[in-house]
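The structure file query-v4.cif is reproduced below (mmCIF, C-alpha atoms).
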data_coords
loop_
_atom_site.label_atom_id
_atom_site.label_comp_id
_atom_site.auth_asym_id
_atom_site.auth_seq_id
_atom_site.Cartn_x
_atom_site.Cartn_y
_atom_site.Cartn_z
CA MET M 165 112.93 96.21 95.64
CA PRO M 166 110.14 93.62 95.95
CA VAL M 167 106.64 94.53 94.82
CA THR M 168 104.54 95.80 97.74
CA LEU M 169 100.96 94.71 98.34
CA TYR M 170 99.94 98.06 99.78
CA PRO M 171 99.82 101.57 98.30
CA LEU M 172 102.68 104.04 98.63
CA ALA M 173 102.63 107.74 97.81
CA SER M 174 103.69 108.76 94.32
CA LEU M 175 106.56 111.15 93.63
CA SER M 176 104.18 113.97 92.72
CA GLN M 177 102.22 113.46 95.94
CA ILE M 178 105.42 113.58 97.97
CA GLU M 179 106.79 116.70 96.28
CA ARG M 180 103.53 118.68 96.43
CA THR M 181 101.16 117.45 99.12
CA PRO M 182 97.63 118.91 99.11
CA SER M 183 98.37 120.72 102.38
CA HIS M 184 101.50 122.26 100.88
CA GLU M 185 99.48 123.39 97.89
CA ASP M 186 97.18 125.22 100.32
CA GLY M 187 100.10 127.07 101.91
CA ILE M 188 101.04 124.89 104.90
CA PRO M 189 104.86 124.65 105.23
CA ALA M 190 106.36 121.16 105.02
CA GLU M 191 107.79 121.27 108.56
CA LEU M 192 104.47 122.38 110.03
CA GLU M 193 102.61 119.67 108.13
CA GLU M 194 105.05 117.08 109.45
CA ASP M 195 104.50 118.31 113.02
CA LEU M 196 100.72 118.22 112.60
CA ARG M 197 100.91 114.68 111.26
CA SER M 198 103.01 113.68 114.25
CA TYR M 199 100.64 115.32 116.72
CA GLY M 200 97.62 113.65 115.11
CA CYS M 201 99.31 110.26 115.47
CA LYS M 202 100.08 111.02 119.13
CA LEU M 203 96.39 111.65 119.71
CA ILE M 204 95.60 108.29 118.10
CA GLN M 205 98.18 106.57 120.33
CA GLN M 206 96.85 108.25 123.46
CA ALA M 207 93.28 107.35 122.57
CA GLY M 208 94.31 103.75 121.94
CA ILE M 209 95.95 103.52 125.35
CA LEU M 210 92.93 104.96 127.15
CA LEU M 211 90.62 102.60 125.24
CA LYS M 212 92.96 99.65 125.92
CA GLN M 213 92.92 98.96 122.21
CA LYS M 214 95.30 96.47 120.61
CA GLN M 215 98.52 97.89 119.20
CA VAL M 216 97.83 96.41 115.75
CA ALA M 217 94.68 98.53 115.47
CA VAL M 218 96.45 101.66 116.73
CA ALA M 219 99.36 101.16 114.32
CA THR M 220 96.98 100.55 111.41
CA ALA M 221 95.08 103.72 112.28
CA GLN M 222 98.27 105.79 112.31
CA ILE M 223 99.34 104.46 108.90
CA LEU M 224 95.90 105.18 107.38
CA PHE M 225 96.06 108.64 108.95
CA GLN M 226 99.42 109.32 107.28
CA ARG M 227 98.24 108.07 103.89
CA PHE M 228 95.17 110.27 104.01
CA TRP M 229 97.17 113.51 103.96
CA TYR M 230 98.78 112.62 100.63
CA VAL M 231 95.38 112.87 98.97
CA THR M 232 93.69 115.55 101.08
CA SER M 233 94.60 118.90 102.60
CA MET M 234 94.51 119.72 106.31
CA LYS M 235 92.55 122.78 105.29
CA GLN M 236 89.59 120.55 104.46
CA PHE M 237 89.62 118.20 107.47
CA GLY M 238 90.96 118.49 111.01
CA ILE M 239 93.64 116.12 112.27
CA GLY M 240 91.50 115.39 115.34
CA ASP M 241 88.48 114.28 113.32
CA ILE M 242 90.51 112.19 110.86
CA GLY M 243 92.48 110.59 113.68
CA MET M 244 89.24 109.59 115.37
CA GLY M 245 87.84 108.18 112.12
CA ALA M 246 91.08 106.31 111.35
CA LEU M 247 91.09 104.62 114.75
CA TYR M 248 87.45 103.63 114.41
CA LEU M 249 88.05 102.21 110.92
CA ALA M 250 91.24 100.40 111.91
CA SER M 251 89.45 98.77 114.85
CA LYS M 252 87.03 97.22 112.37
CA LEU M 253 89.79 96.16 109.98
CA GLU M 254 91.73 94.41 112.74
CA GLU M 255 88.56 92.82 114.15
CA CYS M 256 88.81 94.46 117.56
CA PRO M 257 85.90 96.94 117.35
CA ILE M 258 85.29 99.65 119.91
CA ARG M 259 82.09 101.38 120.91
CA ILE M 260 81.59 104.65 119.11
CA ARG M 261 80.48 106.31 122.39
CA ASP M 262 83.72 105.26 124.13
CA LEU M 263 85.84 106.61 121.29
CA ILE M 264 83.98 109.92 121.30
CA ASN M 265 84.36 110.23 125.09
CA VAL M 266 88.11 109.62 124.88
CA TYR M 267 88.64 112.10 122.05
CA ASP M 268 86.52 114.66 123.87
CA LEU M 269 88.85 114.26 126.85
CA LEU M 270 91.95 114.63 124.68
CA LEU M 271 90.58 117.67 122.85
CA GLN M 272 89.50 119.30 126.11
CA ARG M 273 92.98 118.74 127.52
CA ALA M 274 94.56 120.22 124.40
CA SER M 275 92.26 123.24 124.61
CA TYR M 276 93.09 123.66 128.30
CA SER M 277 96.83 123.47 127.59
CA LEU M 278 96.44 126.15 124.91
CA LYS M 279 94.53 128.48 127.22
CA SER M 280 96.79 127.89 130.23
CA THR M 281 99.90 128.54 128.16
CA SER M 282 98.55 131.81 126.77
CA SER M 283 97.36 133.02 130.20
CA ASN M 284 100.26 131.57 132.25
CA ARG M 285 97.91 129.60 134.47
CA SER M 286 99.15 126.52 136.33
CA SER M 287 95.92 125.06 137.73
CA GLU M 288 95.23 121.34 137.32
CA PHE M 289 93.19 120.16 134.35
CA LYS M 290 89.72 118.85 135.21
CA TYR M 291 87.71 116.96 132.65
CA VAL M 292 84.08 118.05 132.23
CA PRO M 293 82.03 115.16 130.75
CA MET M 294 79.80 116.12 127.88
CA SER M 295 76.04 116.03 128.04
CA TYR M 296 74.63 113.25 125.88
CA PHE M 297 71.60 115.42 125.19
CA GLY M 298 73.71 118.37 124.08
CA SER M 299 75.19 119.14 120.70
CA THR M 300 78.83 118.20 121.46
CA PHE M 301 78.27 114.45 121.38
CA TYR M 302 76.29 114.53 118.15
CA ASP M 303 78.77 116.90 116.52
CA LEU M 304 81.65 114.55 117.32
CA LYS M 305 79.63 111.54 116.20
CA ASP M 306 78.86 113.19 112.87
CA ALA M 307 82.53 114.16 112.48
CA LEU M 308 83.62 110.57 113.17
CA VAL M 309 81.22 109.08 110.62
CA VAL M 310 82.22 111.63 107.98
CA ALA M 311 85.93 111.06 108.69
CA GLU M 312 85.63 107.29 108.31
CA MET M 313 83.70 107.72 105.07
CA GLN M 314 86.21 110.21 103.67
CA ILE M 315 89.18 107.97 104.49
CA LEU M 316 87.61 105.09 102.61
CA LYS M 317 86.54 107.29 99.71
CA ARG M 318 89.75 109.24 99.22
CA LEU M 319 92.00 106.20 99.65
CA GLY M 320 89.83 104.32 97.15
CA PHE M 321 89.16 101.60 99.76
CA HIS M 322 92.86 100.66 99.61
CA VAL M 323 93.18 100.15 103.36
CA ASN M 324 95.48 97.13 103.38
CA VAL M 325 98.28 97.69 105.89
CA VAL M 326 101.39 95.54 106.47
CA LEU M 327 102.82 96.00 109.96
CA PRO M 328 106.59 95.66 110.47
CA TYR M 329 106.84 93.65 113.68
CA GLY M 330 107.03 90.15 112.17
CA THR M 331 109.59 91.36 109.63
CA LEU M 332 111.72 92.82 112.43
CA VAL M 333 111.79 89.50 114.29
CA ASN M 334 112.85 87.65 111.14
CA TYR M 335 115.61 90.14 110.31
CA LEU M 336 116.99 90.04 113.86
CA ARG M 337 117.15 86.26 113.61
CA VAL M 338 119.05 86.44 110.32
CA LEU M 339 121.52 88.92 111.82
CA GLY M 340 121.93 86.88 115.01
CA LEU M 341 120.69 89.66 117.27
CA THR M 342 117.75 87.97 118.99
CA SER M 343 119.92 87.34 122.07
CA ARG M 344 120.47 91.10 122.46
CA GLU M 345 117.35 92.21 124.31
CA ASP M 346 118.47 95.84 124.27
CA VAL M 347 118.74 95.83 120.46
CA CYS M 348 115.36 94.13 120.05
CA THR M 349 113.61 96.51 122.45
CA ARG M 350 115.13 99.63 120.95
CA ALA M 351 114.41 98.58 117.36
CA TRP M 352 110.81 97.79 118.30
CA GLY M 353 110.53 101.22 119.86
CA TYR M 354 111.86 102.92 116.73
CA LEU M 355 109.26 101.12 114.62
CA ASN M 356 106.53 102.42 116.94
CA ASP M 357 107.97 105.94 116.89
CA ALA M 358 108.14 105.81 113.09
CA LEU M 359 104.35 105.54 113.06
CA GLN M 360 104.33 109.26 113.87
CA THR M 361 106.14 109.97 110.60
CA PRO M 362 105.02 109.48 106.98
CA VAL M 363 107.57 106.70 106.29
CA TYR M 364 104.98 103.89 106.21
CA ALA M 365 103.30 105.73 103.32
CA LEU M 366 106.61 106.33 101.54
CA TYR M 367 108.81 103.24 101.90
CA ALA M 368 108.43 99.47 101.91
CA VAL M 369 108.44 97.69 105.26
CA PRO M 370 111.90 96.06 104.76
CA THR M 371 113.45 99.51 104.37
CA ILE M 372 111.80 100.82 107.55
CA VAL M 373 112.83 97.76 109.54
CA CYS M 374 116.42 98.11 108.33
CA ALA M 375 116.40 101.75 109.46
CA ALA M 376 115.20 100.73 112.94
CA ILE M 377 117.93 98.09 113.19
CA LEU M 378 120.56 100.56 111.94
CA LEU M 379 119.64 103.18 114.55
CA SER M 380 119.56 100.58 117.33
CA THR M 381 122.90 98.97 116.49
CA ARG M 382 124.67 102.29 116.07
CA HIS M 383 123.36 103.74 119.33
CA LEU M 384 124.29 100.55 121.18
CA HIS M 385 127.64 100.20 119.38
CA VAL M 386 126.84 96.79 117.90
CA ALA M 387 129.05 96.10 114.89
CA LEU M 388 127.50 94.79 111.68
CA PRO M 389 129.15 94.45 108.25
CA SER M 390 128.56 97.83 106.60
CA LYS M 391 131.23 98.16 103.92
CA PRO M 392 130.71 97.14 100.28
CA PRO M 393 130.32 94.49 99.09
CA ASN M 394 129.23 93.14 102.50
CA CYS M 395 126.48 95.54 103.55
CA TRP M 396 123.97 93.81 105.83
CA TRP M 397 120.93 95.80 104.61
CA GLU M 398 121.45 94.47 101.08
CA LEU M 399 120.39 91.06 102.40
CA PHE M 400 116.88 92.50 102.69
CA ASP M 401 116.77 94.37 99.34
CA ALA M 402 117.01 97.77 101.03
CA GLU M 403 118.79 100.74 99.44
CA TRP M 404 121.16 102.73 101.61
CA GLU M 405 119.74 106.11 100.56
CA ASP M 406 116.22 105.01 101.51
CA VAL M 407 117.33 103.52 104.85
CA TRP M 408 119.20 106.72 105.72
CA SER M 409 116.19 108.84 104.76
CA VAL M 410 113.93 106.84 107.09
CA CYS M 411 116.47 107.32 109.88
CA GLY M 412 116.25 111.07 109.30
CA TYR M 413 112.46 111.06 109.61
CA ILE M 414 112.65 109.14 112.89
CA MET M 415 115.38 111.26 114.44
CA ARG M 416 113.54 114.50 113.62
CA LEU M 417 110.83 113.37 116.04
CA TYR M 418 113.23 113.87 118.93
CA ARG M 419 114.20 117.44 118.16
CA GLN M 420 113.37 119.99 120.85
CA LYS M 421 110.31 122.05 120.00
CA THR M 422 109.87 125.62 121.15
CA PRO M 423 106.90 126.54 123.39
CA GLU M 424 105.58 128.70 120.54
CA SER M 425 105.49 125.73 118.15
CA GLU M 426 103.72 123.60 120.76
CA VAL M 427 101.04 126.26 121.19
CA ARG M 428 100.69 126.56 117.43
CA LEU M 429 100.07 122.81 117.08
CA LEU M 430 97.45 122.80 119.84
CA GLY M 431 95.58 125.55 118.06
CA MET M 432 95.54 123.69 114.72
CA VAL M 433 93.88 120.41 115.74
CA SER M 434 90.70 121.41 113.93
CA LYS M 435 90.32 122.59 110.33
CA LYS M 436 89.04 125.88 111.73
CA GLY M 437 92.37 126.42 113.46
CA VAL M 438 94.30 125.55 110.30
CA ARG M 439 92.23 127.96 108.23
CA GLN M 440 92.73 130.69 110.82
CA TRP M 441 96.50 130.14 110.73
CA LEU M 442 96.51 130.26 106.92
CA GLU M 443 94.49 133.47 107.00
CA ASP M 444 96.87 135.06 109.52
CA HIS M 445 99.96 134.02 107.57
CA SER M 446 98.78 134.50 104.02
CA PRO M 447 100.83 137.08 102.12
CA SER M 448 98.97 140.34 101.81
CA LEU M 449 97.93 141.29 98.32
CA PRO M 450 99.90 144.21 96.86
CA ILE M 451 98.00 147.49 96.71
CA ARG M 452 97.32 148.45 93.12
CA GLN M 453 98.40 151.93 92.21
CA GLY M 454 95.76 154.12 90.64
CA GLY M 455 96.30 155.18 87.09
CA THR M 456 94.69 155.78 83.79
#

Could I get this file's structure written as structure tokens?
Amino acid sequence: MPVTLYPLASLSQIERTPSHEDGIPAELEEDLRSYGCKLIQQAGILLKQKQVAVATAQILFQRFWYVTSMKQFGIGDIGMGALYLASKLEECPIRIRDLINVYDLLLQRASYSLKSTSSNRSSEFKYVPMSYFGSTFYDLKDALVVAEMQILKRLGFHVNVVLPYGTLVNYLRVLGLTSREDVCTRAWGYLNDALQTPVYALYAVPTIVCAAILLSTRHLHVALPSKPPNCWWELFDAEWEDVWSVCGYIMRLYRQKTPESEVRLLGMVSKKGVRQWLEDHSPSLPIRQGGT
């Protein structure tokens, strides 16, 4: 495996994430990570931000949770800070007021969905703009500034990100697949979907690109040499076990979620919601029997 120029999570960080140490189950943490990245993607679309900045923000967001617990910071605040920071890194800055307005819209819509689901209402969502002389704007602004600062601090200013798109084009050329538009489009889509998973903080870019190509070619029934000693992914220094693991992360995104799990995620966007969930699901302490 070639040496990477960007940080990856260590084995100890992967086995025991800070959120897991605080009592958040692994599956729930994975879903919260995914939902936080969806908020970043939605905000980027509404802001008409470049995809490179949105992708960078999602990768920084995923890295952050290997050094910090969701009990300490909300996924909404960190997502907002990551997008603001990534916009600077990719030299396509956005106005802080615009970012706050967009996240206020997304958070209001999430809150509305939570309330409408619990009360079985079906009325249409209507956005209520915040007052710039009220506390909401300044609270979100403070949260954004703190989130950006904490990302830089806790990642040790290691914010270099390598995006996979150029690597994908090169690999498709080597494999002779550039003429297959369906393969190229689907593989590109898998790389974008993978941004909602932790794989960019766990594996090198060649491994992730190979996983996207593998999923695309298998779903479209495109034959590639896959039997030893002629395994196509070995051309790119990728290990089969790692490629297959990345495929698993991506495919788990498409599993059907229950309405209860959707409601649970909406209620845990903030650290307050996470702490409330932990309090409600913490094991009760055993009652000590009296004695001498």

Can you measure atom CA of Val373 of chain M to atom CA of Asn324 of chain M for me? One decimal in Å is fine.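 Value for the atom CA of Val373 of chain M-atom CA of Asn324 of chain M distance: 18.4 Å.
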
Report task. For segment 201-207 of chain M, list every protein, DNA or RNA residue within 9 Å, evaluated using only C-alpha atoms, and leave out those in the same chain fewer than 5 positions away; present the list as a list in words. Result -> Leu196, Lys212, Gln213, Gln215, Val218, Ala219, Ala221, Gln222, Ile223, Phe225, Gln226, Ile239, Gly240, Gly243, Met244, Ala246, Leu247, Leu263, Val266, Tyr267, Leu270, Leu271, Leu359, Gln360 and Thr361 of chain M

Practice problem: Would you be able to write out as number ranges by chain which residues have an atom within 10 Å of (94.9, 118.6, 105.8) in the file's coordinates, counting only C-alpha atoms? | Solution: M: 181-184, 186, 188, 193, 196-197, 228-239, 242, 434-435, 438

- [ ] Grab the atom CA of Leu278 of chain M to atom CA of Leu429 of chain M distance for me, in Å with one decimal place.
- [x]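 Computing the Euclidean distance for atom CA of Leu278 of chain M and atom CA of Leu429 of chain M yields 9.3 Å.
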
**Asked** Selected by the PyMOL selection byres ((chain M and resi 292) around 10) in the shown coordinates: which residues, as a VMD selection string?
**Response** chain M and resid 268 to 269 272 289 to 291 293 to 295

- Residue neighbourhood segment 304-309 of chain M, 7 Å, only C-alpha atoms, exclusion window fewer than 4 positions, as a list of chain:residue names: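 In the requested format, the answer is M:Asp241, M:Met244, M:Gly245, M:Ile264, M:Thr300, M:Met313.
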